[in-house]
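Source file model-v6.cif; content: mmCIF, N, CA and C atoms.
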```
data_work
#
loop_
_atom_site.group_PDB
_atom_site.id
_atom_site.type_symbol
_atom_site.label_atom_id
_atom_site.label_comp_id
_atom_site.auth_asym_id
_atom_site.auth_seq_id
_atom_site.Cartn_x
_atom_site.Cartn_y
_atom_site.Cartn_z
ATOM 1 N N MET A 1402 81.487 19.346 171.329
ATOM 2 C CA MET A 1402 80.567 20.439 171.528
ATOM 3 C C MET A 1402 81.363 21.714 171.776
ATOM 4 N N PRO A 1403 80.977 22.781 171.143
ATOM 5 C CA PRO A 1403 81.698 24.047 171.301
ATOM 6 C C PRO A 1403 81.506 24.641 172.698
ATOM 7 N N ILE A 1404 82.568 24.656 173.474
ATOM 8 C CA ILE A 1404 82.507 25.190 174.835
ATOM 9 C C ILE A 1404 82.141 26.664 174.822
ATOM 10 N N SER A 1405 82.680 27.414 173.863
ATOM 11 C CA SER A 1405 82.416 28.855 173.820
ATOM 12 C C SER A 1405 80.930 29.141 173.623
ATOM 13 N N GLU A 1406 80.240 28.303 172.871
ATOM 14 C CA GLU A 1406 78.807 28.525 172.656
ATOM 15 C C GLU A 1406 78.019 28.234 173.927
ATOM 16 N N TYR A 1407 78.427 27.238 174.689
ATOM 17 C CA TYR A 1407 77.770 26.943 175.957
ATOM 18 C C TYR A 1407 77.978 28.086 176.941
ATOM 19 N N VAL A 1408 79.200 28.591 177.011
ATOM 20 C CA VAL A 1408 79.509 29.698 177.930
ATOM 21 C C VAL A 1408 78.731 30.945 177.536
ATOM 22 N N TYR A 1409 78.615 31.195 176.217
ATOM 23 C CA TYR A 1409 77.886 32.376 175.735
ATOM 24 C C TYR A 1409 76.426 32.323 176.160
ATOM 25 N N CYS A 1410 75.759 31.183 175.932
ATOM 26 C CA CYS A 1410 74.348 31.058 176.310
ATOM 27 C C CYS A 1410 73.995 29.577 176.413
ATOM 28 N N SER A 1411 73.923 29.065 177.626
ATOM 29 C CA SER A 1411 73.659 27.640 177.810
ATOM 30 C C SER A 1411 72.273 27.246 177.289
ATOM 31 N N ARG A 1412 71.299 28.148 177.361
ATOM 32 C CA ARG A 1412 69.956 27.842 176.855
ATOM 33 C C ARG A 1412 69.977 27.682 175.339
ATOM 34 N N LEU A 1413 70.623 28.612 174.630
ATOM 35 C CA LEU A 1413 70.726 28.533 173.178
ATOM 36 C C LEU A 1413 71.510 27.286 172.772
ATOM 37 N N PHE A 1414 72.563 26.968 173.516
ATOM 38 C CA PHE A 1414 73.343 25.766 173.268
ATOM 39 C C PHE A 1414 72.433 24.530 173.351
ATOM 40 N N GLY A 1415 71.623 24.470 174.391
ATOM 41 C CA GLY A 1415 70.705 23.341 174.562
ATOM 42 C C GLY A 1415 69.723 23.212 173.411
ATOM 43 N N LEU A 1416 69.181 24.338 172.981
ATOM 44 C CA LEU A 1416 68.233 24.310 171.861
ATOM 45 C C LEU A 1416 68.897 23.823 170.577
ATOM 46 N N GLU A 1417 70.101 24.324 170.306
ATOM 47 C CA GLU A 1417 70.760 23.995 169.043
ATOM 48 C C GLU A 1417 71.408 22.613 169.040
ATOM 49 N N TYR A 1418 72.074 22.230 170.121
ATOM 50 C CA TYR A 1418 72.858 20.992 170.120
ATOM 51 C C TYR A 1418 72.147 19.811 170.764
ATOM 52 N N VAL A 1419 71.197 20.069 171.663
ATOM 53 C CA VAL A 1419 70.472 18.973 172.303
ATOM 54 C C VAL A 1419 69.129 18.759 171.613
ATOM 55 N N GLU A 1420 68.370 19.817 171.473
ATOM 56 C CA GLU A 1420 67.043 19.724 170.852
ATOM 57 C C GLU A 1420 67.097 19.776 169.327
ATOM 58 N N ARG A 1421 68.255 20.109 168.782
ATOM 59 C CA ARG A 1421 68.462 20.188 167.319
ATOM 60 C C ARG A 1421 67.554 21.222 166.650
ATOM 61 N N GLU A 1422 67.305 22.320 167.362
ATOM 62 C CA GLU A 1422 66.528 23.417 166.791
ATOM 63 C C GLU A 1422 67.509 24.505 166.370
ATOM 64 N N PHE A 1423 67.630 24.687 165.071
ATOM 65 C CA PHE A 1423 68.576 25.665 164.562
ATOM 66 C C PHE A 1423 67.957 26.342 163.349
ATOM 67 N N GLU A 1424 67.995 27.658 163.328
ATOM 68 C CA GLU A 1424 67.408 28.393 162.213
ATOM 69 C C GLU A 1424 68.530 28.913 161.321
ATOM 70 N N GLU A 1425 68.548 28.438 160.087
ATOM 71 C CA GLU A 1425 69.552 28.888 159.122
ATOM 72 C C GLU A 1425 69.317 30.361 158.778
ATOM 73 N N SER A 1426 70.409 31.054 158.539
ATOM 74 C CA SER A 1426 70.337 32.437 158.073
ATOM 75 C C SER A 1426 71.367 32.594 156.962
ATOM 76 N N TYR A 1427 71.362 33.729 156.321
ATOM 77 C CA TYR A 1427 72.364 33.965 155.272
ATOM 78 C C TYR A 1427 73.771 33.822 155.853
ATOM 79 N N ASP A 1428 73.985 34.382 157.049
ATOM 80 C CA ASP A 1428 75.312 34.354 157.666
ATOM 81 C C ASP A 1428 75.768 32.932 157.980
ATOM 82 N N THR A 1429 74.866 32.089 158.520
ATOM 83 C CA THR A 1429 75.278 30.727 158.848
ATOM 84 C C THR A 1429 75.520 29.905 157.581
ATOM 85 N N MET A 1430 74.715 30.118 156.562
ATOM 86 C CA MET A 1430 74.911 29.397 155.300
ATOM 87 C C MET A 1430 76.213 29.832 154.631
ATOM 88 N N ASP A 1431 76.516 31.119 154.673
ATOM 89 C CA ASP A 1431 77.758 31.614 154.089
ATOM 90 C C ASP A 1431 78.954 31.096 154.882
ATOM 91 N N GLY A 1432 78.838 31.040 156.187
ATOM 92 C CA GLY A 1432 79.907 30.502 157.021
ATOM 93 C C GLY A 1432 80.190 29.035 156.702
ATOM 94 N N GLN A 1433 79.130 28.260 156.472
ATOM 95 C CA GLN A 1433 79.321 26.851 156.099
ATOM 96 C C GLN A 1433 80.028 26.741 154.754
ATOM 97 N N ARG A 1434 79.667 27.602 153.830
ATOM 98 C CA ARG A 1434 80.295 27.587 152.509
ATOM 99 C C ARG A 1434 81.788 27.913 152.624
ATOM 100 N N ILE A 1435 82.100 28.925 153.389
ATOM 101 C CA ILE A 1435 83.488 29.343 153.558
ATOM 102 C C ILE A 1435 84.301 28.258 154.260
ATOM 103 N N HIS A 1436 83.691 27.574 155.208
ATOM 104 C CA HIS A 1436 84.413 26.567 155.995
ATOM 105 C C HIS A 1436 84.636 25.250 155.266
ATOM 106 N N ARG A 1437 83.986 25.003 154.158
ATOM 107 C CA ARG A 1437 84.152 23.717 153.469
ATOM 108 C C ARG A 1437 85.616 23.393 153.200
ATOM 109 N N ARG A 1438 86.391 24.389 152.813
ATOM 110 C CA ARG A 1438 87.804 24.145 152.488
ATOM 111 C C ARG A 1438 88.597 23.683 153.709
ATOM 112 N N VAL A 1439 88.380 24.304 154.834
ATOM 113 C CA VAL A 1439 89.172 23.950 156.007
ATOM 114 C C VAL A 1439 88.574 22.800 156.809
ATOM 115 N N ASP A 1440 87.331 22.416 156.553
ATOM 116 C CA ASP A 1440 86.718 21.301 157.260
ATOM 117 C C ASP A 1440 87.093 19.949 156.660
ATOM 118 N N THR A 1441 87.851 19.960 155.572
ATOM 119 C CA THR A 1441 88.351 18.730 154.971
ATOM 120 C C THR A 1441 89.806 18.567 155.382
ATOM 121 N N ALA A 1442 90.095 17.454 156.051
ATOM 122 C CA ALA A 1442 91.468 17.229 156.516
ATOM 123 C C ALA A 1442 92.418 17.150 155.328
ATOM 124 N N ARG A 1443 93.501 17.922 155.422
ATOM 125 C CA ARG A 1443 94.509 17.959 154.353
ATOM 126 C C ARG A 1443 95.841 18.281 155.000
ATOM 127 N N GLY A 1444 96.870 17.563 154.596
ATOM 128 C CA GLY A 1444 98.179 17.774 155.191
ATOM 129 C C GLY A 1444 98.239 17.126 156.561
ATOM 130 N N ALA A 1445 99.362 17.237 157.192
ATOM 131 C CA ALA A 1445 99.539 16.645 158.520
ATOM 132 C C ALA A 1445 100.411 17.546 159.369
ATOM 133 N N LEU A 1446 100.166 17.494 160.647
ATOM 134 C CA LEU A 1446 100.970 18.251 161.592
ATOM 135 C C LEU A 1446 102.032 17.309 162.147
ATOM 136 N N PRO A 1447 103.302 17.540 161.831
ATOM 137 C CA PRO A 1447 104.358 16.647 162.333
ATOM 138 C C PRO A 1447 104.527 16.784 163.840
ATOM 139 N N ASP A 1448 105.193 15.807 164.445
ATOM 140 C CA ASP A 1448 105.431 15.862 165.890
ATOM 141 C C ASP A 1448 106.150 17.144 166.289
ATOM 142 N N ASP A 1449 107.071 17.578 165.468
ATOM 143 C CA ASP A 1449 107.785 18.824 165.713
ATOM 144 C C ASP A 1449 107.326 19.842 164.666
ATOM 145 N N ALA A 1450 106.504 20.782 165.062
ATOM 146 C CA ALA A 1450 105.918 21.742 164.119
ATOM 147 C C ALA A 1450 106.972 22.565 163.385
ATOM 148 N N MET A 1451 108.186 22.626 163.912
ATOM 149 C CA MET A 1451 109.249 23.370 163.225
ATOM 150 C C MET A 1451 109.628 22.711 161.897
ATOM 151 N N HIS A 1452 109.264 21.430 161.727
ATOM 152 C CA HIS A 1452 109.579 20.715 160.489
ATOM 153 C C HIS A 1452 108.433 20.757 159.486
ATOM 154 N N MET A 1453 107.385 21.480 159.782
ATOM 155 C CA MET A 1453 106.245 21.577 158.884
ATOM 156 C C MET A 1453 106.637 22.367 157.647
ATOM 157 N N LYS A 1454 106.214 21.899 156.473
ATOM 158 C CA LYS A 1454 106.659 22.522 155.238
ATOM 159 C C LYS A 1454 105.557 23.240 154.455
ATOM 160 N N SER A 1455 104.283 23.021 154.777
ATOM 161 C CA SER A 1455 103.243 23.664 153.976
ATOM 162 C C SER A 1455 102.054 24.054 154.848
ATOM 163 N N GLU A 1456 100.932 23.385 154.650
ATOM 164 C CA GLU A 1456 99.694 23.748 155.332
ATOM 165 C C GLU A 1456 98.947 22.496 155.741
ATOM 166 N N ALA A 1457 98.269 22.554 156.863
ATOM 167 C CA ALA A 1457 97.398 21.469 157.304
ATOM 168 C C ALA A 1457 96.053 22.085 157.683
ATOM 169 N N THR A 1458 94.974 21.406 157.327
ATOM 170 C CA THR A 1458 93.639 21.897 157.676
ATOM 171 C C THR A 1458 92.897 20.847 158.482
ATOM 172 N N CYS A 1459 91.939 21.302 159.256
ATOM 173 C CA CYS A 1459 91.074 20.436 160.068
ATOM 174 C C CYS A 1459 91.925 19.557 160.996
ATOM 175 N N VAL A 1460 92.753 20.183 161.799
ATOM 176 C CA VAL A 1460 93.684 19.472 162.667
ATOM 177 C C VAL A 1460 93.083 19.345 164.070
ATOM 178 N N ASP A 1461 92.999 18.108 164.564
ATOM 179 C CA ASP A 1461 92.520 17.865 165.927
ATOM 180 C C ASP A 1461 93.692 17.826 166.888
ATOM 181 N N LEU A 1462 93.566 18.522 167.999
ATOM 182 C CA LEU A 1462 94.525 18.437 169.090
ATOM 183 C C LEU A 1462 93.796 17.809 170.271
ATOM 184 N N ARG A 1463 94.387 16.775 170.854
ATOM 185 C CA ARG A 1463 93.745 16.045 171.943
ATOM 186 C C ARG A 1463 94.704 15.844 173.116
ATOM 187 N N PRO A 1464 94.979 16.889 173.879
ATOM 188 C CA PRO A 1464 95.864 16.699 175.029
ATOM 189 C C PRO A 1464 95.162 15.847 176.093
ATOM 190 N N GLU A 1465 95.677 14.637 176.317
ATOM 191 C CA GLU A 1465 95.022 13.704 177.240
ATOM 192 C C GLU A 1465 94.971 14.239 178.660
ATOM 193 N N ARG A 1466 95.995 14.979 179.069
ATOM 194 C CA ARG A 1466 96.004 15.462 180.451
ATOM 195 C C ARG A 1466 94.892 16.486 180.693
ATOM 196 N N LEU A 1467 94.413 17.171 179.627
ATOM 197 C CA LEU A 1467 93.334 18.149 179.789
ATOM 198 C C LEU A 1467 91.967 17.539 179.542
ATOM 199 N N GLY A 1468 91.915 16.459 178.756
ATOM 200 C CA GLY A 1468 90.644 15.801 178.475
ATOM 201 C C GLY A 1468 89.731 16.598 177.562
ATOM 202 N N VAL A 1469 90.294 17.412 176.695
ATOM 203 C CA VAL A 1469 89.493 18.189 175.749
ATOM 204 C C VAL A 1469 90.016 17.958 174.330
ATOM 205 N N VAL A 1470 89.197 18.348 173.361
ATOM 206 C CA VAL A 1470 89.587 18.263 171.956
ATOM 207 C C VAL A 1470 89.449 19.649 171.358
ATOM 208 N N ALA A 1471 90.460 20.074 170.617
ATOM 209 C CA ALA A 1471 90.399 21.346 169.905
ATOM 210 C C ALA A 1471 90.559 21.067 168.420
ATOM 211 N N LYS A 1472 89.810 21.763 167.611
ATOM 212 C CA LYS A 1472 89.933 21.620 166.160
ATOM 213 C C LYS A 1472 90.449 22.943 165.605
ATOM 214 N N ILE A 1473 91.569 22.859 164.902
ATOM 215 C CA ILE A 1473 92.172 24.049 164.312
ATOM 216 C C ILE A 1473 91.860 24.044 162.819
ATOM 217 N N ASP A 1474 91.319 25.148 162.328
ATOM 218 C CA ASP A 1474 90.948 25.235 160.906
ATOM 219 C C ASP A 1474 92.146 25.079 159.985
ATOM 220 N N THR A 1475 93.131 25.924 160.154
ATOM 221 C CA THR A 1475 94.291 25.934 159.250
ATOM 222 C C THR A 1475 95.565 26.255 160.017
ATOM 223 N N ILE A 1476 96.608 25.497 159.738
ATOM 224 C CA ILE A 1476 97.942 25.796 160.268
ATOM 225 C C ILE A 1476 98.854 25.939 159.058
ATOM 226 N N ARG A 1477 99.521 27.074 158.959
ATOM 227 C CA ARG A 1477 100.415 27.333 157.827
ATOM 228 C C ARG A 1477 101.851 27.464 158.312
ATOM 229 N N ALA A 1478 102.748 26.891 157.548
ATOM 230 C CA ALA A 1478 104.169 27.007 157.867
ATOM 231 C C ALA A 1478 104.761 28.146 157.068
ATOM 232 N N GLU A 1479 105.626 28.888 157.703
ATOM 233 C CA GLU A 1479 106.355 29.961 157.036
ATOM 234 C C GLU A 1479 107.837 29.786 157.324
ATOM 235 N N ALA A 1480 108.656 30.380 156.530
ATOM 236 C CA ALA A 1480 110.113 30.270 156.734
ATOM 237 C C ALA A 1480 110.469 30.722 158.147
ATOM 238 N N GLY A 1481 111.206 29.866 158.849
ATOM 239 C CA GLY A 1481 111.679 30.212 160.189
ATOM 240 C C GLY A 1481 110.619 30.085 161.223
#
```
Let's see the structure in the file written out as structure tokens.
Amino acid sequence: MPISEYVYCSRLFGLEYVEREFEESYDTMDGQRIHRRVDTARGALPDDAMHMKSEATCVDLRPERLGVVAKIDTIRAEAG
């Protein structure tokens, strides 16, 4: 569940994520279209990111000591 959306408005969060009431708009539909590329897992994030050679999409980070999950859309490697 997106923490930022809960912090922004807990009532709206409840309506959208608990009650499943969500109204599509042009902006949300366009956002879904744009995100299709990065929502498909591709590539891998090596243990040492300095050895990364290209791009990884839809990468989950799960630090156990924090007990949270973060999803990163795209990570790109560049020289150096």
Exercise for review: Could you jot down the atom C of Glu1456 in chain A to atom N of Glu1406 in chain A separation for me, Å, one decimal place?
Suggested key: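 A separation of 26.0 Å between them.
Neighbouring residues of range 1471-1476 of chain A at 6.5 Å or closer, counting only N, CA and C atoms and skipping chain neighbours under 5 positions away, are A:Val1439, A:Asp1440, A:Ser1455, A:Glu1456, A:Ala1457, A:Thr1458, A:Cys1459, A:Val1460, A:Asp1461, A:Leu1462, A:Arg1463, A:Pro1464.
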Revision key, fill the gap. note - CA of Ser1405 in chain A and CA of Phe1423 in chain A are separated by 17.0 Å
Point to revise | Two-atom distance - CA of Pro1403 in chain A, CA of His1436 in chain A (Å) | key: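 Atom-to-atom, CA of Pro1403 in chain A and CA of His1436 in chain A are spaced 15.7 Å apart.
Per DSSP on the backbone, strand (DSSP E) in chain A comprises Glu1456, Ala1457, Thr1458, Cys1459, Val1460, Asp1461, Leu1462, Ala1471, Lys1472, Ile1473, Asp1474, Thr1475, Ile1476 and Arg1477 of chain A.
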Practice item. Name the residues of chain A that come out as alpha helix (DSSP H) in a backbone DSSP run; write them as a ChimeraX atom specification. Key: /A:1404-1409,1411-1414,1427-1436
Using 3 Å of padding on each side, determine the axis-aligned box around all atoms of range 1427-1430 of chain A present in the file and give its centre and edge lengths in Å to one decimal, as JSON.
```
{"center_x": 73.8, "center_y": 31.9, "center_z": 156.7, "size_x": 10.9, "size_y": 11.0, "size_z": 10.2}
```
